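J.: Enclosed is the structure file protein00.csv (CSV, C-alpha atoms and all ligand atoms).
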chain,number,residue,atom,x,y,z
A,137,MET,CA,11.9,14.3,-13.7
A,138,TRP,CA,10.2,11.3,-12.2
A,139,ARG,CA,6.9,10.0,-13.4
A,140,ALA,CA,4.6,7.4,-11.8
A,141,ALA,CA,1.3,6.9,-13.5
A,142,PRO,CA,-0.7,6.4,-10.2
A,143,LEU,CA,0.5,9.8,-8.9
A,144,VAL,CA,-0.1,13.5,-9.7
A,145,HIS,CA,3.1,15.6,-9.2
A,146,ASP,CA,1.7,17.2,-6.1
A,147,GLY,CA,1.8,13.8,-4.4
A,148,THR,CA,-1.9,13.0,-4.6
A,149,LEU,CA,-3.3,9.8,-6.2
A,150,THR,CA,-4.9,10.0,-9.6
A,151,GLU,CA,-8.6,9.3,-9.9
A,152,ALA,CA,-7.9,6.0,-11.7
A,153,ALA,CA,-5.5,4.9,-8.9
A,154,MET,CA,-8.0,5.9,-6.2
A,155,GLU,CA,-10.7,3.8,-7.9
A,156,LEU,CA,-8.6,0.7,-7.9
A,157,LEU,CA,-7.0,1.2,-4.5
A,158,HIS,CA,-10.5,1.7,-3.0
A,159,ALA,CA,-11.8,-1.5,-4.7
A,160,VAL,CA,-8.9,-3.7,-3.4
A,161,SER,CA,-8.4,-2.2,0.1
A,162,GLY,CA,-11.9,-0.9,1.0
A,163,VAL,CA,-10.2,2.3,2.2
A,164,ASP,CA,-12.5,5.3,2.0
A,165,LYS,CA,-12.2,7.5,-1.1
A,166,ALA,CA,-12.1,10.7,1.0
A,167,LEU,CA,-9.1,9.3,2.9
A,168,LEU,CA,-7.4,8.2,-0.3
A,169,ARG,CA,-8.0,11.8,-1.7
A,170,ALA,CA,-6.4,13.3,1.5
A,171,ALA,CA,-3.3,11.1,1.3
A,172,ARG,CA,0.0,12.6,0.1
A,173,ILE,CA,2.8,10.5,-1.3
A,174,ARG,CA,6.2,12.0,-0.6
A,175,PRO,CA,9.8,11.0,-1.2
A,176,SER,CA,11.9,10.4,2.0
A,177,ARG,CA,15.2,12.1,1.5
A,178,SER,CA,17.0,10.7,4.5
A,179,ASN,CA,17.4,7.1,5.5
A,180,TRP,CA,15.1,7.3,8.5
A,181,LEU,CA,12.8,4.7,6.9
A,182,HIS,CA,15.5,2.1,7.6
A,183,ALA,CA,14.8,1.9,11.3
A,184,PRO,CA,16.1,-1.3,12.7
A,185,TRP,CA,12.7,-2.9,13.0
A,186,TYR,CA,11.6,-1.9,9.6
A,187,GLY,CA,11.9,-4.6,6.9
A,188,ARG,CA,14.1,-3.5,4.0
A,189,ARG,CA,12.4,-6.3,2.0
A,190,ARG,CA,9.3,-4.1,1.7
A,191,GLY,CA,11.3,-1.8,-0.5
A,192,GLY,CA,10.9,1.3,1.6
A,193,ALA,CA,7.6,3.0,2.4
A,194,LEU,CA,6.1,4.1,5.6
A,195,THR,CA,2.7,5.7,6.3
A,196,MET,CA,2.5,8.3,9.1
A,197,GLY,CA,-0.9,9.9,9.5
A,198,ARG,CA,-2.0,10.8,6.0
A,199,THR,CA,1.5,11.0,4.5
A,200,ILE,CA,3.0,8.0,2.8
A,201,TRP,CA,6.8,8.2,2.5
A,202,PHE,CA,8.5,6.3,-0.2
A,203,THR,CA,12.3,5.9,-0.5
A,204,ALA,CA,14.2,7.7,-3.2
A,205,ASN,CA,14.4,4.7,-5.6
A,206,TRP,CA,10.6,5.1,-6.2
A,207,PHE,CA,11.3,8.6,-7.6
A,208,ASP,CA,14.3,7.7,-9.7
A,209,PRO,CA,13.5,8.3,-13.4
A,210,LYS,CA,15.9,5.4,-14.2
A,211,GLY,CA,14.1,3.2,-11.7
A,212,LEU,CA,10.5,3.0,-10.4
A,213,GLY,CA,10.0,6.6,-11.3
A,214,SER,CA,10.4,5.9,-15.0
A,215,GLY,CA,6.7,6.0,-15.7
A,216,SER,CA,6.8,2.5,-17.3
A,217,LEU,CA,3.8,0.1,-17.1
A,218,LYS,CA,5.9,-2.3,-15.0
A,219,ALA,CA,6.6,0.5,-12.6
A,220,THR,CA,2.9,1.4,-12.4
A,221,TYR,CA,2.2,-2.2,-11.3
A,222,ALA,CA,5.0,-2.0,-8.6
A,223,TRP,CA,3.6,1.3,-7.4
A,224,LEU,CA,0.1,-0.1,-7.2
A,225,LEU,CA,1.1,-3.2,-5.2
A,226,HIS,CA,3.0,-1.1,-2.8
A,227,LEU,CA,0.3,1.5,-2.5
A,228,ALA,CA,-2.3,-1.2,-1.9
A,229,HIS,CA,-0.4,-2.1,1.3
A,230,GLU,CA,0.4,1.4,2.5
A,231,VAL,CA,-3.1,2.8,2.1
A,232,GLY,CA,-4.2,0.1,4.4
A,233,HIS,CA,-2.4,2.1,7.2
A,234,LEU,CA,-4.5,5.2,6.5
A,235,PRO,CA,-7.6,4.1,8.4
A,236,GLN,CA,-5.5,2.7,11.2
A,237,ALA,CA,-3.9,6.1,11.7
A,238,GLU,CA,-7.4,7.7,11.7
A,239,ARG,CA,-8.5,5.2,14.4
A,240,PHE,CA,-5.6,6.4,16.5
A,241,GLY,CA,-6.4,10.0,15.8
A,242,GLN,CA,-4.7,12.7,13.8
A,243,HIS,CA,-3.7,14.9,16.8
A,244,LEU,CA,-0.2,14.5,18.2
A,245,PRO,CA,-1.1,12.1,21.2
A,246,GLY,CA,-2.9,9.9,18.7
A,247,LYS,CA,0.1,9.7,16.4
A,248,ALA,CA,2.3,8.9,19.4
A,249,ARG,CA,-0.1,6.1,20.4
A,250,TYR,CA,-0.1,4.7,16.9
A,251,THR,CA,3.7,4.7,16.7
A,252,ALA,CA,3.8,3.1,20.2
A,253,ALA,CA,1.3,0.4,19.2
A,254,PHE,CA,3.6,-0.5,16.2
A,255,VAL,CA,6.8,-0.5,18.3
A,256,TRP,CA,5.1,-2.6,20.9
A,257,GLN,CA,3.9,-5.2,18.4
A,258,TYR,CA,7.4,-5.4,16.9
A,259,ALA,CA,9.0,-5.7,20.3
A,260,VAL,CA,6.7,-8.5,21.4
A,261,ARG,CA,7.4,-10.5,18.3
A,262,ALA,CA,11.1,-9.8,18.5
A,263,LEU,CA,11.1,-10.9,22.2
A,264,LEU,CA,9.3,-14.1,21.2
A,265,LEU,CA,11.9,-14.6,18.5
A,266,GLN,CA,9.3,-14.7,15.9
A,267,PRO,CA,10.5,-14.2,12.3
A,268,HIS,CA,9.0,-11.6,10.1
A,269,VAL,CA,9.0,-9.1,12.9
A,270,HIS,CA,7.5,-6.3,10.8
A,271,ASP,CA,5.2,-8.1,8.4
A,272,GLY,CA,3.8,-10.4,11.1
A,273,SER,CA,2.3,-7.7,13.4
A,274,PRO,CA,-1.5,-7.5,13.5
A,275,LEU,CA,-1.5,-4.0,12.1
A,276,GLU,CA,0.7,-5.0,9.2
A,277,ARG,CA,-1.3,-8.0,8.4
A,278,GLU,CA,-4.5,-6.0,8.4
A,279,ALA,CA,-2.9,-3.3,6.1
A,280,ASP,CA,-1.7,-6.0,3.7
A,281,ILE,CA,-5.1,-7.3,2.8
A,282,GLY,CA,-5.5,-4.8,-0.1
A,283,ARG,CA,-2.1,-5.8,-1.6
A,284,GLN,CA,-3.0,-9.5,-1.5
A,285,VAL,CA,-6.4,-8.9,-3.1
A,286,LEU,CA,-4.7,-6.9,-5.9
A,287,ARG,CA,-2.1,-9.6,-6.4
A,288,ASP,CA,-4.8,-12.3,-6.6
A,289,LEU,CA,-6.9,-10.1,-8.9
A,290,VAL,CA,-4.3,-9.6,-11.6
A,291,ALA,CA,-3.0,-13.2,-11.1
A,292,LEU,CA,-0.3,-14.0,-13.7
A,293,ASP,CA,-1.1,-11.0,-15.9
A,294,HIS,CA,0.7,-8.6,-13.6
A,295,GLU,CA,1.1,-5.3,-15.5
A,296,ARG,CA,-0.6,-6.7,-18.5
A,297,HIS,CA,-3.9,-6.9,-16.6
A,298,PRO,CA,-6.5,-4.6,-18.2
A,299,VAL,CA,-7.3,-2.8,-14.9
A,300,VAL,CA,-3.6,-2.1,-14.3
A,301,GLN,CA,-3.3,-0.8,-17.9
A,302,ALA,CA,-6.4,1.4,-17.3
A,303,VAL,CA,-4.7,3.0,-14.2
A,304,HIS,CA,-1.6,3.4,-16.2
A,305,SER,CA,-3.4,5.4,-18.9
A,306,GLY,CA,-5.4,7.3,-16.3
A,307,HIS,CA,-8.8,6.0,-17.4
A,308,ALA,CA,-10.7,6.4,-14.1
A,309,GLU,CA,-14.1,5.6,-15.6
A,310,HIS,CA,-12.7,2.4,-17.1
A,311,VAL,CA,-11.3,1.4,-13.7
A,312,ARG,CA,-14.6,2.2,-12.0
A,313,GLN,CA,-16.6,0.1,-14.5
A,314,TRP,CA,-14.2,-2.8,-14.3
A,315,CYS,CA,-14.3,-2.9,-10.5
A,316,ALA,CA,-18.1,-2.6,-10.5
A,317,ALA,CA,-18.3,-5.5,-12.9
A,318,HIS,CA,-16.0,-7.6,-10.7
A,319,SER,CA,-17.3,-6.5,-7.3
A,320,VAL,CA,-18.4,-10.0,-6.3
A,321,HIS,CA,-14.9,-11.4,-7.1
A,322,LEU,CA,-13.3,-8.5,-5.2
A,323,ALA,CA,-15.5,-9.2,-2.2
A,324,GLU,CA,-14.6,-12.9,-2.2
A,325,LEU,CA,-10.9,-12.0,-2.3
A,326,SER,CA,-11.2,-9.6,0.6
A,327,VAL,CA,-13.0,-12.2,2.7
A,328,LYS,CA,-10.4,-14.8,1.7
A,329,HIS,CA,-7.4,-12.7,2.8
A,330,ALA,CA,-9.1,-11.2,5.8
A,331,ALA,CA,-9.7,-14.7,7.1
A,332,ARG,CA,-6.1,-16.0,6.3
A,333,PRO,CA,-4.5,-17.5,9.5
A,334,ALA,CA,-1.3,-16.0,10.9
A,335,GLY,CA,1.8,-17.2,9.1
A,336,PRO,CA,4.9,-16.1,7.3
A,337,PRO,CA,4.2,-13.9,4.3
A,338,ASP,CA,5.4,-15.1,1.0
A,339,ALA,CA,8.9,-14.6,-0.1
A,340,ASN,CA,8.4,-12.1,-2.9
A,341,ALA,CA,6.3,-9.7,-0.8
A,401,ZN,ZN,3.1,-1.6,6.5
Just give me the structure of the file as structure tokens.

T.:
Amino acid sequence: MWRAAPLVHDGTLTEAAMELLHAVSGVDKALLRAARIRPSRSNWLHAPWYGRRRGGALTMGRTIWFTANWFDPKGLGSGSLKATYAWLLHLAHEVGHLPQAERFGQHLPGKARYTAAFVWQYAVRALLLQPHVHDGSPLEREADIGRQVLRDLVALDHERHPVVQAVHSGHAEHVRQWCAAHSVHLAELSVKHAARPAGPPDANA
């Protein structure tokens, strides 16, 4: 059976994970609570325009689909501290798509418009022969702010960072207090990454 410390088995985020993801991405807690993380069984995530480099996740409405390797008990579903950090980085990006989907609406025409907006952005960049077709689109860059804040926050500590360890052990109150104590730094990082000019994302994204 797979295990990922930021997730409950029903596909919801733990309280501790919600606290940290809210702090780094600014996404509403109610929206994080409504999100469901699901394994994608087919390979439909590997649409031609979708960057494999991202490691396989896609947010549609309030469902975040992750590829099977994330649920592999011998892989990222092992429940290890290292896997927790990998999950958190990836989630910090994907939850950034949740408010975007809300903006476009939860009803079917809204979902269709959201998908169309993505495809249009990819198509424009592809036509202009721009590299990083997926990661460079405005919706992607907006969604990525939370991931970049988290990466800056933990700096070289990675999974050894105390806030990552607190999520790993499910100490929501710990995470809440840590984020409150570092709220100024968190706000500075958000501003820094929101203001970052367009450019290629770093290689290990
Ligand atoms: Zn994305």

J.: From the options A:His158, A:Arg172, A:Lys218, A:His229, which residue's atoms come nearest to ligand ZN 401 (chain A), counting only C-alpha atoms and all ligand atoms?

T.: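 Of A:His158, A:Arg172, A:Lys218, A:His229, the one nearest ligand ZN 401 (chain A) is A:His229, counting only C-alpha atoms and all ligand atoms.
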
J.: Could the residues that lie within 7 Å of ligand ZN 401 (chain A), counting all atoms listed in the file, be listed as an MDAnalysis selection string?

T.: chainID A and resid 194 229:230 233 276 279

J.: Write out as a ChimeraX atom specification the residues lying within 12 Å of Leu212 of chain A, counting only C-alpha atoms and excluding same-chain residues fewer than 2 positions away.

T.: /A:137-142,191,202-210,214-224,226

J.: Identify which of the residues A:Val255, A:Leu292, A:Ala302, A:Leu325 lies closest to Val160 of chain A, counting all atoms listed in the file when measuring atom-to-atom distances.

T.: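 The shortest atom-to-atom distance to Val160 of chain A comes from A:Leu325.
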
J.: Near Leu156 of chain A, counting all atoms listed in the file, which residues have an atom at most 9 Å away, once you skip same-chain residues fewer than 2 positions from it, shown as a list in words?

T.: Glu151, Ala152, Ala153, Met154, His158, Ala159, Val160, Ser161, Leu224, Ala228, Leu286, Val299, Val300, Val303, Ala308, Val311, Arg312 and Cys315 of chain A

J.: Which one of A:Arg249, A:His307, A:Gln301, A:Leu289 sits closest to Val320 of chain A if you count all atoms listed in the file?

T.: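 For Val320 of chain A, the nearest of the candidates is A:Leu289.
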
J.: Which residue is closest to Glu278 of chain A? Choose from A:His294, A:His318, A:Arg198, A:His329 and count all atoms listed in the file.

T.: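 With all atoms listed in the file as the atom set, the closest residue is A:His329.
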
J.: Choose the residue, out of A:Leu149, A:Val144, A:Leu275, A:Ala291, that has the smallest atom-to-atom separation from Leu227 of chain A; count all atoms listed in the file.

T.: A:Leu149

J.: What separation in Å, quoted to one decimal, exists between atom CA of Gln313 of chain A and atom CA of Leu225 of chain A?

T.: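 Between atom CA of Gln313 of chain A and atom CA of Leu225 of chain A the gap is 20.3 Å.
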
J.: Around all listed atoms of segment 223-236 of chain A, padded 6 Å per side, what centre and edge lengths does the axis-aligned box have in Å to one decimal, as JSON?

T.:
{"center_x": -2.0, "center_y": 1.0, "center_z": 1.9, "size_x": 23.2, "size_y": 20.4, "size_z": 30.6}

J.: Can you work out the spacing between atom CA of Ile200 of chain A and atom CA of Ala171 of chain A in Å, to one decimal?

T.: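 Computed distance, atom CA of Ile200 of chain A to atom CA of Ala171 of chain A, equals 7.2 Å.
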
J.: How many Å separate atom CA of Ser176 of chain A from atom CA of Ala193 of chain A?

T.: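 According to the coordinates, atom CA of Ser176 of chain A and atom CA of Ala193 of chain A are separated by 8.6 Å.
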
J.: Which residue gives the smallest distance to Glu324 of chain A among A:Asp288, A:His297, A:Lys165, A:Gly197, with only C-alpha atoms counted?

T.: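 Answer, going by the shortest atom-to-atom distance: A:Asp288.
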
J.: Can you pull out the residues contacting Ser326 of chain A? Cut-off 9 Å, using all atoms listed in the file, and skip same-chain residues under 2 positions away; I want them as a PyMOL selection string.

T.: chain A and resi 160-162+281-282+284-285+321-324+328-331
